[in-house]
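What follows is a single structure, written as C-alpha cells, with notes after it.
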Amino acid sequence: MKTIITYGTFDLFHYGHVRLLARLKQLGDKLIVCVSTDEFNAQKGKAAFFSYQQRAEIVAACRYVDLVLPETHWGQKVTDIEKYNVDIFAIGDDWQGHFDHLKHLCEVIYLPRTDEISTTEIKNDLAFLRPFPDASND
C-alpha cells in the first residue's frame with residue numbers, strides 16, 4: 001500500500017483543490033490531507049474564511065481523501081511521515097524546493113497548480129464585487 005500526504009489551508013474549497021487531490025490520489029492507495037488549523041494559519045500570517053473544523057469537514061467529504069488531520073506546526077511533517085509510513089509527500093509547485101529536506105524520509109513531489117484559479121484570486125475578486133441592487137427599490 002502506497003501512502004500519500006499533503007498539507008494546506010484548503011479555504012474556499014474549489015475545483016483546483018479537487019483536481020490536486022485527484023492527482024494526489026492517483027499516486028497511491030491512501031491519501032492523507034493535513035489541514036492547517038486556525039492557530040497555525042495565524043502564526044503564518046494567514047486568515048481563512050472558514051474555520052478549521054469547517055475546512056476539515058469539506059476536505060473529508062472529498063472522495064479522494066482517506067484521512068484528514070490537523071496541521072498545527074511546521075515540524076509536524078517529519079513526525080507525520082514517520083507515524084503514517086508515508087511513501088510520498090506531495091504539494092503544489094508554488095512550494096518548489098521548500099520541502100526537499102524531507103527527501104531522506106520519502107519521495108517529495110511538487111505538482112503543478114491549476115493555473116486559472118486560486119483561493120487568493122477568489123478572495124481578491126470577491127473584494128471588488130459590488131453588492132446586488134436592492135430589489136425593493138424597483
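The chains in the C-alpha cells are called A, B, ... from first to last as shown; in each chain the residues are counted from 1, and the ligands are counted from 1 in the order shown.
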Excluding Gly92 (chain A) and any residue of its chain fewer than 6 positions from it, enumerate the residues within 7 Å of it, using only C-alpha atoms, and give them as a PDB file with C-alpha atoms, in the first residue's frame.
ATOM      1  CA  TYR A 110       5.740  19.234  -6.371  1.00  0.00           C
ATOM      2  CA  LEU A 111       2.602  19.199  -8.511  1.00  0.00           C
ATOM      3  CA  PRO A 112       1.582  21.991 -10.881  1.00  0.00           C
ATOM      4  CA  ARG A 113      -1.253  24.173  -9.645  1.00  0.00           C
TER       5      ARG A 113
END
Determine, using only C-alpha atoms, which residues of region 15-49 of chain A have any atom at most 7 Å from an atom of region 69-74 of chain A, and tabulate each with its shortest atom pair and distance in Å to one decimal place, rows ordered by chain and then rising number, as a tab-separated table.
residue	atom	partner	partner_atom	distance
A:Val33	CA	A:Leu69	CA	6.3
A:Cys34	CA	A:Leu69	CA	4.6
A:Val35	CA	A:Pro70	CA	5.1
A:Ser36	CA	A:Glu71	CA	4.4
A:Thr37	CA	A:Glu71	CA	5.8
A:Phe40	CA	A:Thr72	CA	5.3
Selected residues written out with all heavy atoms, as an mmCIF file, in the first residue's frame:
data_model
loop_
_atom_site.group_PDB
_atom_site.id
_atom_site.type_symbol
_atom_site.label_atom_id
_atom_site.label_comp_id
_atom_site.auth_asym_id
_atom_site.auth_seq_id
_atom_site.Cartn_x
_atom_site.Cartn_y
_atom_site.Cartn_z
ATOM 1 N N VAL A 33 -4.655 14.101 4.129
ATOM 2 C CA VAL A 33 -4.619 15.551 3.934
ATOM 3 C C VAL A 33 -4.579 16.213 5.298
ATOM 4 O O VAL A 33 -5.469 16.009 6.125
ATOM 5 C CB VAL A 33 -5.843 16.055 3.140
ATOM 6 C CG1 VAL A 33 -5.788 17.572 2.978
ATOM 7 C CG2 VAL A 33 -5.916 15.373 1.777
ATOM 8 N N CYS A 34 -3.536 16.990 5.527
ATOM 9 C CA CYS A 34 -3.393 17.736 6.776
ATOM 10 C C CYS A 34 -3.832 19.173 6.517
ATOM 11 O O CYS A 34 -3.240 19.865 5.689
ATOM 12 C CB CYS A 34 -1.955 17.683 7.274
ATOM 13 S SG CYS A 34 -1.421 15.995 7.639
ATOM 14 N N VAL A 35 -4.884 19.579 7.225
ATOM 15 C CA VAL A 35 -5.466 20.903 7.045
ATOM 16 C C VAL A 35 -4.939 21.821 8.146
ATOM 17 O O VAL A 35 -5.020 21.481 9.328
ATOM 18 C CB VAL A 35 -7.008 20.820 7.085
ATOM 19 C CG1 VAL A 35 -7.631 22.200 6.989
ATOM 20 C CG2 VAL A 35 -7.525 19.906 5.971
ATOM 21 N N SER A 36 -4.417 22.969 7.752
ATOM 22 C CA SER A 36 -3.857 23.922 8.719
ATOM 23 C C SER A 36 -4.934 24.419 9.679
ATOM 24 O O SER A 36 -6.010 24.835 9.242
ATOM 25 C CB SER A 36 -3.246 25.116 7.995
ATOM 26 O OG SER A 36 -2.205 24.708 7.145
ATOM 27 N N THR A 37 -4.619 24.379 10.966
ATOM 28 C CA THR A 37 -5.558 24.898 11.961
ATOM 29 C C THR A 37 -5.588 26.423 11.904
ATOM 30 O O THR A 37 -4.697 27.061 11.336
ATOM 31 C CB THR A 37 -5.162 24.462 13.381
ATOM 32 O OG1 THR A 37 -3.868 25.026 13.679
ATOM 33 C CG2 THR A 37 -5.139 22.946 13.532
ATOM 34 N N PHE A 40 -2.455 27.793 13.575
ATOM 35 C CA PHE A 40 -1.257 27.695 12.751
ATOM 36 C C PHE A 40 -1.298 28.721 11.620
ATOM 37 O O PHE A 40 -0.291 29.360 11.314
ATOM 38 C CB PHE A 40 -1.077 26.278 12.214
ATOM 39 C CG PHE A 40 0.203 26.061 11.451
ATOM 40 C CD1 PHE A 40 1.419 26.532 11.927
ATOM 41 C CD2 PHE A 40 0.200 25.381 10.248
ATOM 42 C CE1 PHE A 40 2.614 26.332 11.221
ATOM 43 C CE2 PHE A 40 1.376 25.169 9.536
ATOM 44 C CZ PHE A 40 2.576 25.656 10.028
#
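Interatomic distance, CA of Lys44 (chain A) against CA of Gly8 (chain A): 11.8 Å.
For the choices A:Thr9, A:Cys62, A:Tyr52, A:His104, the atom-to-atom distance to Leu21 (chain A) is smallest for A:Cys62 when using only C-alpha atoms.
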Residue set, chain A restricted to alpha helix (DSSP H), as a PyMOL selection string: chain A and resi 15-26+38-43+52-60+76-83+119-128
Kindly save the residues from that selection, with C-alpha atoms included, as a PDB file, in the first residue's frame.
ATOM      1  CA  TYR A  15     -12.105  22.840  -8.395  1.00  0.00           C
ATOM      2  CA  GLY A  16      -8.349  23.498  -8.225  1.00  0.00           C
ATOM      3  CA  HIS A  17      -8.323  21.773  -4.831  1.00  0.00           C
ATOM      4  CA  VAL A  18     -10.386  18.879  -6.227  1.00  0.00           C
ATOM      5  CA  ARG A  19      -8.012  18.450  -9.179  1.00  0.00           C
ATOM      6  CA  LEU A  20      -4.978  18.498  -6.873  1.00  0.00           C
ATOM      7  CA  LEU A  21      -6.494  15.878  -4.570  1.00  0.00           C
ATOM      8  CA  ALA A  22      -7.463  13.695  -7.558  1.00  0.00           C
ATOM      9  CA  ARG A  23      -3.885  13.818  -8.895  1.00  0.00           C
ATOM     10  CA  LEU A  24      -2.521  13.024  -5.443  1.00  0.00           C
ATOM     11  CA  LYS A  25      -4.820  10.022  -5.053  1.00  0.00           C
ATOM     12  CA  GLN A  26      -3.612   8.684  -8.426  1.00  0.00           C
ATOM     13  CA  ASP A  38      -6.709  28.455  12.550  1.00  0.00           C
ATOM     14  CA  GLU A  39      -3.951  28.912  15.135  1.00  0.00           C
ATOM     15  CA  PHE A  40      -1.257  27.695  12.751  1.00  0.00           C
ATOM     16  CA  ASN A  41      -2.593  29.925   9.969  1.00  0.00           C
ATOM     17  CA  ALA A  42      -2.387  32.887  12.374  1.00  0.00           C
ATOM     18  CA  GLN A  43       1.281  32.044  13.026  1.00  0.00           C
ATOM     19  CA  TYR A  52     -10.545  24.717  10.702  1.00  0.00           C
ATOM     20  CA  GLN A  53     -13.487  22.445  11.592  1.00  0.00           C
ATOM     21  CA  GLN A  54     -15.435  23.583   8.525  1.00  0.00           C
ATOM     22  CA  ARG A  55     -12.436  23.230   6.189  1.00  0.00           C
ATOM     23  CA  ALA A  56     -11.607  19.780   7.573  1.00  0.00           C
ATOM     24  CA  GLU A  57     -15.215  18.681   7.074  1.00  0.00           C
ATOM     25  CA  ILE A  58     -15.209  19.907   3.461  1.00  0.00           C
ATOM     26  CA  VAL A  59     -11.908  18.166   2.675  1.00  0.00           C
ATOM     27  CA  ALA A  60     -13.059  14.938   4.366  1.00  0.00           C
ATOM     28  CA  GLN A  76       4.849  18.147  12.131  1.00  0.00           C
ATOM     29  CA  LYS A  77       5.649  16.916   8.634  1.00  0.00           C
ATOM     30  CA  VAL A  78       8.588  14.750   9.732  1.00  0.00           C
ATOM     31  CA  THR A  79       6.555  13.199  12.541  1.00  0.00           C
ATOM     32  CA  ASP A  80       3.563  12.547  10.281  1.00  0.00           C
ATOM     33  CA  ILE A  81       5.689  10.946   7.556  1.00  0.00           C
ATOM     34  CA  GLU A  82       7.210   8.568  10.088  1.00  0.00           C
ATOM     35  CA  LYS A  83       3.991   7.870  12.037  1.00  0.00           C
ATOM     36  CA  THR A 119      -8.142  30.979  -3.284  1.00  0.00           C
ATOM     37  CA  THR A 120      -6.241  34.268  -3.203  1.00  0.00           C
ATOM     38  CA  GLU A 121      -7.715  35.265  -6.567  1.00  0.00           C
ATOM     39  CA  ILE A 122     -11.220  34.332  -5.402  1.00  0.00           C
ATOM     40  CA  LYS A 123     -10.815  36.465  -2.283  1.00  0.00           C
ATOM     41  CA  ASN A 124      -9.487  39.383  -4.338  1.00  0.00           C
ATOM     42  CA  ASP A 125     -12.340  39.087  -6.853  1.00  0.00           C
ATOM     43  CA  LEU A 126     -14.947  38.956  -4.095  1.00  0.00           C
ATOM     44  CA  ALA A 127     -13.498  42.083  -2.510  1.00  0.00           C
ATOM     45  CA  PHE A 128     -14.171  44.017  -5.726  1.00  0.00           C
TER      46      PHE A 128
END
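Each of A:Val108, A:Met1, A:Ile32, A:Ile88 was checked against Asp66 (chain A) using only C-alpha atoms; the smallest atom-to-atom distance is that of A:Ile32.
Of the residues in chain A, those given strand (DSSP E) by DSSP on the backbone are Thr3, Ile4, Ile5, Thr6, Tyr7, Gly8, Lys30, Leu31, Ile32, Val33, Cys34, Val35, Ser36, Leu67, Val68, Leu69, Pro70, Glu71, Ile88, Phe89, Ala90, Ile91, Gly92, Glu107, Val108, Ile109, Tyr110 and Leu111 of chain A.
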Who sits within 12 Å of His98 (chain A), only C-alpha atoms, same chain under 3 positions skipped, as a PyMOL selection string: chain A and resi 74+89-95+101-103+108-110
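CA of Ala61 (chain A) to CA of Gln96 (chain A) spans 27.8 Å [interatomic distance, one decimal].
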Shell around Asp87 (chain A) at 9 Å using only C-alpha atoms, local window under 5 positions removed, as a PyMOL selection string: chain A and resi 2-5+28+81+105-108
Nearest to Phe49 (chain A), chosen from A:Phe10, A:Val68, A:Gly97, A:Val86, with only C-alpha atoms counted in the distances: A:Phe10
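For the pair CA of Arg63 (chain A) and CA of Tyr84 (chain A), the separation is 19.9 Å.
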